[in-house]
Amino acid sequence: MPVEQPQAANKTAAAALALGIDLTRLPKHVAIIMDGNGRWAKGKGIGRLLGHREGYKTLRGALLAASELGIGYLTVYAFSAENWRRPTDEVSGLMKLIEQAARDELRSMHQNGVRVRTAGRLDGVPEGLRSALEHGVETTSRNQGITFTLAVNYGGRAEIVDAVREIVAEGAAPETITEETISAHMYNPEHPEPDLMIRTAGEMRWSNFLIWQAAYCELFVTEVPWPEFKPAHLLEAVAAYQRRTRKFGAVLE
Ligand code: IPE
Ligand code: IPE
Ligand code: MG
């Protein structure tokens with residue numbers, strides 16, 4: 001009798017199967033530190049903002065690929081709480097780009113069943129960007145497809161500070177506070193913790209991204225700068241993830 005082959009529902013799933021990826025053991029939540037836009041632009045002799053613009057195109061492809069693959073949650077680092085230290089024209093250009101992207105992509109994301117979420121201090125970003133993001137979150141809130149979280153003005157330490165402030169404001173007794181209490185006060189407590197964190201452009205650091213949630217997440221760093229990151233690189237990261245042994249501190253025998 002012929003061996004039954006798993007069926008691929010789309011191009012990304014077919015490519016994944018060809019690479020030996022087990023579609024029943026995907027990371028539930030993938031987080032990406034989209035880095036290297038500036039270096040990529042410099043290498044081409046163009047301005048940094050053009051690098052960010054190219055990075056936006058990359059993100060569109062990565063979201064589609066993650067969704068086709070069957071990843072439940074994709075969280076991307078778009079602007080960190082520390083990125084305000086950059087030159088003002090780069091900061092304002094990024095704010096405008098993220099706002100434009102949020103508005104332009106909403107229709108197709110909604111049609112594809114994407115559920116948009118945000119992470120970060122939205123009260124600290126320009127009004128136009130905040131309203132675009134809030135509109136996106138609201139419009140897509142009942143969708144059943146991939147949950148796509150855009151981290152904007154996001155800092156992992158700031159998130160923990162915000163959680164602690166809420167817990168204190170609620171008047172919790174110190175001895176009742178557990179790790180679960182902290183987790184329950186993160187920006188998106190209902191999301192599973194990331195299983196796989198990808199960083200592009202080669203730096204071996206977290207840069208304050210999801211530092212609470214990433215305690216046991218698998219890291220995958222690629223030299224590829226974000227503007228050149230293709231769905232094939234996402235599959236490469238998932239394949240590497242599936243070769244890892246996650247032990248969570250225990251001995252597996
Ligand atoms: C990542 O690319 C995008 C943001 C941080 C907004 P960079 O702008 O950090 O690119 P490099 O690190 O300078 O190459
Ligand atoms: C992290 O990249 C932030 C984002 C990708 C949005 P950075 O380029 O800001 O990180 P550092 O400065 O190299 O640590
Ligand atoms: Mg960088």
# chains A, B, ... in the order shown; residues from 1 in each chain; ligands from 1

$ select_by_dssp --residues "segment 84-159 of chain A" --states "alpha helix (DSSP H)" --output "PyMOL selection string"
chain A and resi 88-111+127-139+156-159

$ closest_atom_pairs --of "segment 156-224 of chain A" --to "segment 142-149 of chain A" --cutoff "12 Å" --atoms "only C-alpha atoms" --output "CSV"
residue,atom,partner,partner_atom,distance
A:Tyr187,CA,A:Thr149,CA,10.6
A:Asn188,CA,A:Thr149,CA,9.2
A:Glu190,CA,A:Thr147,CA,11.1
A:His191,CA,A:Thr147,CA,8.7
A:Pro192,CA,A:Thr147,CA,10.8
A:Pro194,CA,A:Thr149,CA,11.7
A:Leu210,CA,A:Thr149,CA,11.9

$ residues_around --residues "Arg157 of chain A" --least-positions-apart "4" --cutoff "10 Å" --atoms "only C-alpha atoms" --output "list in words"
Ala81, Val161, Asp162, Ala163, Asn208, Phe209, Leu210, Ile211 and Trp212 of chain A

$ write_last_selection --atoms "N, CA and C atoms" --output "JSON list (two decimals), in the first residue's frame"
[["chain", "number", "residue", "atom", "x", "y", "z"],
["A", 81, "ALA", "N", 11.16, 50.95, 22.72],
["A", 81, "ALA", "CA", 11.09, 52.10, 23.63],
["A", 81, "ALA", "C", 12.41, 52.85, 23.64],
["A", 161, "VAL", "N", 7.42, 46.90, 34.29],
["A", 161, "VAL", "CA", 7.08, 48.03, 35.15],
["A", 161, "VAL", "C", 5.57, 48.27, 35.11],
["A", 162, "ASP", "N", 4.99, 48.27, 33.91],
["A", 162, "ASP", "CA", 3.54, 48.50, 33.78],
["A", 162, "ASP", "C", 2.75, 47.41, 34.51],
["A", 163, "ALA", "N", 3.25, 46.17, 34.42],
["A", 163, "ALA", "CA", 2.57, 45.06, 35.11],
["A", 163, "ALA", "C", 2.62, 45.28, 36.62],
["A", 208, "ASN", "N", 15.91, 43.99, 24.65],
["A", 208, "ASN", "CA", 14.74, 44.31, 25.49],
["A", 208, "ASN", "C", 13.41, 43.82, 24.90],
["A", 209, "PHE", "N", 13.45, 42.79, 24.07],
["A", 209, "PHE", "CA", 12.22, 42.29, 23.44],
["A", 209, "PHE", "C", 11.66, 41.11, 24.24],
["A", 210, "LEU", "N", 10.45, 41.23, 24.70],
["A", 210, "LEU", "CA", 9.71, 40.14, 25.36],
["A", 210, "LEU", "C", 10.57, 39.42, 26.40],
["A", 211, "ILE", "N", 11.29, 40.20, 27.20],
["A", 211, "ILE", "CA", 12.28, 39.55, 28.08],
["A", 211, "ILE", "C", 11.63, 38.66, 29.14],
["A", 212, "TRP", "N", 10.41, 38.98, 29.54],
["A", 212, "TRP", "CA", 9.73, 38.11, 30.51],
["A", 212, "TRP", "C", 9.27, 36.82, 29.84]]

$ closest_atom_pairs --of "segment 153-248 of chain A" --to "segment 116-128 of chain A" --cutoff "9 Å" --atoms "only C-alpha atoms" --output "CSV"
residue,atom,partner,partner_atom,distance
A:Asn153,CA,A:Gly120,CA,5.1
A:Tyr154,CA,A:Gly120,CA,3.9
A:Gly155,CA,A:Gly120,CA,6.8
A:Gly156,CA,A:Gly120,CA,8.7
A:Ala158,CA,A:Gly120,CA,8.3
A:Glu159,CA,A:Gly120,CA,7.2
A:Tyr187,CA,A:Ala119,CA,5.9
A:Asn188,CA,A:Ala119,CA,7.2

$ write_last_selection --atoms "N, CA and C atoms" --output "PDB file, in the first residue's frame"
ATOM      1  N   ASN A 153       6.752  51.162  20.303  1.00  0.00           N
ATOM      2  CA  ASN A 153       7.124  51.795  21.566  1.00  0.00           C
ATOM      3  C   ASN A 153       7.097  50.732  22.663  1.00  0.00           C
ATOM      4  N   TYR A 154       7.677  49.590  22.315  1.00  0.00           N
ATOM      5  CA  TYR A 154       7.697  48.442  23.222  1.00  0.00           C
ATOM      6  C   TYR A 154       9.065  48.299  23.893  1.00  0.00           C
ATOM      7  N   GLY A 155       9.041  48.105  25.194  1.00  0.00           N
ATOM      8  CA  GLY A 155      10.243  47.736  25.931  1.00  0.00           C
ATOM      9  C   GLY A 155       9.866  46.633  26.902  1.00  0.00           C
ATOM     10  N   GLY A 156      10.695  45.602  26.983  1.00  0.00           N
ATOM     11  CA  GLY A 156      10.392  44.494  27.887  1.00  0.00           C
ATOM     12  C   GLY A 156      10.404  44.927  29.352  1.00  0.00           C
ATOM     13  N   ALA A 158       9.873  48.020  30.406  1.00  0.00           N
ATOM     14  CA  ALA A 158       8.704  48.904  30.586  1.00  0.00           C
ATOM     15  C   ALA A 158       7.445  48.062  30.786  1.00  0.00           C
ATOM     16  N   GLU A 159       7.345  46.947  30.056  1.00  0.00           N
ATOM     17  CA  GLU A 159       6.175  46.077  30.190  1.00  0.00           C
ATOM     18  C   GLU A 159       6.090  45.504  31.610  1.00  0.00           C
ATOM     19  N   TYR A 187       1.135  42.746  28.527  1.00  0.00           N
ATOM     20  CA  TYR A 187       0.249  43.460  27.597  1.00  0.00           C
ATOM     21  C   TYR A 187      -0.774  42.528  26.937  1.00  0.00           C
ATOM     22  N   ASN A 188      -0.344  41.310  26.604  1.00  0.00           N
ATOM     23  CA  ASN A 188      -1.260  40.359  25.957  1.00  0.00           C
ATOM     24  C   ASN A 188      -1.215  39.029  26.705  1.00  0.00           C
TER      25      ASN A 188
END

$ closest_atom_pairs --of "segment 30-69 of chain A" --to "segment 226-246 of chain A" --cutoff "7 Å" --atoms "only C-alpha atoms" --output "Markdown table"
| residue | atom | partner | partner_atom | distance |
| --- | --- | --- | --- | --- |
| A:Met34 | CA | A:Trp226 | CA | 5.5 |
| A:Asp35 | CA | A:Trp226 | CA | 5.6 |
| A:Gly36 | CA | A:Trp226 | CA | 5.6 |
| A:Asn37 | CA | A:Trp226 | CA | 6.0 |
| A:Gly51 | CA | A:Pro227 | CA | 6.9 |
| A:Glu54 | CA | A:Pro227 | CA | 5.5 |
| A:Gly55 | CA | A:Pro227 | CA | 4.6 |
| A:Thr58 | CA | A:Pro227 | CA | 5.7 |
| A:Gly61 | CA | A:Pro231 | CA | 6.8 |
| A:Ala62 | CA | A:Pro231 | CA | 5.9 |
| A:Ala65 | CA | A:Pro231 | CA | 5.8 |

$ residues_near_ligand --ligand "ligand 2" --cutoff "6 Å" --atoms "only C-alpha atoms and all ligand atoms" --output "MDAnalysis selection string"
chainID A and resid 33:35 77:80 83 207

$ closest_residue --among "A:Gly72, A:Val164, A:Glu223, A:Arg86" --to "Pro27 of chain A" --atoms "only C-alpha atoms"
A:Gly72

$ atom_distance --atom1 "atom CA of Ala214 of chain A" --atom2 "atom CA of Asp195 of chain A"
7.7 Å

$ residues_around --residues "Gly202 of chain A" --least-positions-apart "4" --cutoff "8 Å" --atoms "only C-alpha atoms" --output "ChimeraX atom specification"
/A:221-225

$ closest_residue --among "A:Ala15, A:Ala66, A:Ala215, A:Leu150" --to "ligand 1" --atoms "only C-alpha atoms and all ligand atoms"
A:Leu150

$ select_by_dssp --residues "segment 88-235 of chain A" --states "strand (DSSP E)" --output "short mmCIF file (atom, residue, chain, number, x, y, z; two decimals) with N, CA and C atoms, in the first residue's frame"
data_model
loop_
_atom_site.label_atom_id
_atom_site.label_comp_id
_atom_site.auth_asym_id
_atom_site.auth_seq_id
_atom_site.Cartn_x
_atom_site.Cartn_y
_atom_site.Cartn_z
N ARG A 115 -5.79 38.51 12.99
CA ARG A 115 -6.23 39.25 14.18
C ARG A 115 -5.07 40.12 14.63
N VAL A 116 -5.24 41.42 14.54
CA VAL A 116 -4.15 42.35 14.85
C VAL A 116 -4.18 42.71 16.33
N ARG A 117 -3.00 42.72 16.93
CA ARG A 117 -2.86 43.15 18.32
C ARG A 117 -1.64 44.08 18.40
N THR A 118 -1.50 44.77 19.50
CA THR A 118 -0.30 45.60 19.68
C THR A 118 0.32 45.29 21.03
N ALA A 119 1.58 45.65 21.17
CA ALA A 119 2.26 45.56 22.46
C ALA A 119 3.11 46.81 22.56
N THR A 147 -2.74 35.46 14.86
CA THR A 147 -2.71 36.66 15.69
C THR A 147 -1.38 37.36 15.43
N PHE A 148 -1.48 38.56 14.89
CA PHE A 148 -0.29 39.31 14.47
C PHE A 148 -0.12 40.50 15.41
N THR A 149 0.94 40.48 16.20
CA THR A 149 1.15 41.53 17.19
C THR A 149 2.30 42.44 16.78
N LEU A 150 1.99 43.72 16.68
CA LEU A 150 2.99 44.71 16.32
C LEU A 150 3.47 45.37 17.61
N ALA A 151 4.75 45.21 17.89
CA ALA A 151 5.32 45.83 19.09
C ALA A 151 5.84 47.22 18.71
N VAL A 152 5.18 48.24 19.24
CA VAL A 152 5.50 49.62 18.90
C VAL A 152 5.68 50.40 20.20
N ASN A 153 6.75 51.16 20.30
CA ASN A 153 7.12 51.80 21.57
C ASN A 153 7.10 50.73 22.66
N TYR A 154 7.68 49.59 22.31
CA TYR A 154 7.70 48.44 23.22
C TYR A 154 9.07 48.30 23.89
N LEU A 196 9.82 30.47 19.65
CA LEU A 196 10.94 30.70 18.74
C LEU A 196 11.10 32.20 18.54
N MET A 197 12.31 32.70 18.79
CA MET A 197 12.59 34.10 18.50
C MET A 197 13.66 34.18 17.43
N ILE A 198 13.33 34.90 16.37
CA ILE A 198 14.26 35.05 15.25
C ILE A 198 14.82 36.45 15.29
N ARG A 199 16.13 36.59 15.11
CA ARG A 199 16.71 37.92 14.94
C ARG A 199 17.49 37.94 13.64
N GLU A 218 13.38 29.48 22.17
CA GLU A 218 14.54 29.10 21.36
C GLU A 218 14.94 30.28 20.47
N LEU A 219 16.24 30.54 20.40
CA LEU A 219 16.73 31.67 19.60
C LEU A 219 17.26 31.19 18.26
N PHE A 220 17.00 31.97 17.25
CA PHE A 220 17.55 31.69 15.92
C PHE A 220 18.03 33.02 15.35
N VAL A 221 19.34 33.13 15.18
CA VAL A 221 19.91 34.37 14.63
C VAL A 221 20.41 34.08 13.23
#

$ atom_distance --atom1 "atom 11 (P, counted along the ligand's line) of ligand 1" --atom2 "atom CA of Gly93 of chain A"
15.0 Å

$ atom_distance --atom1 "atom CA of Cys217 of chain A" --atom2 "atom 13 (O, counted along the ligand's line) of ligand 1"
24.6 Å
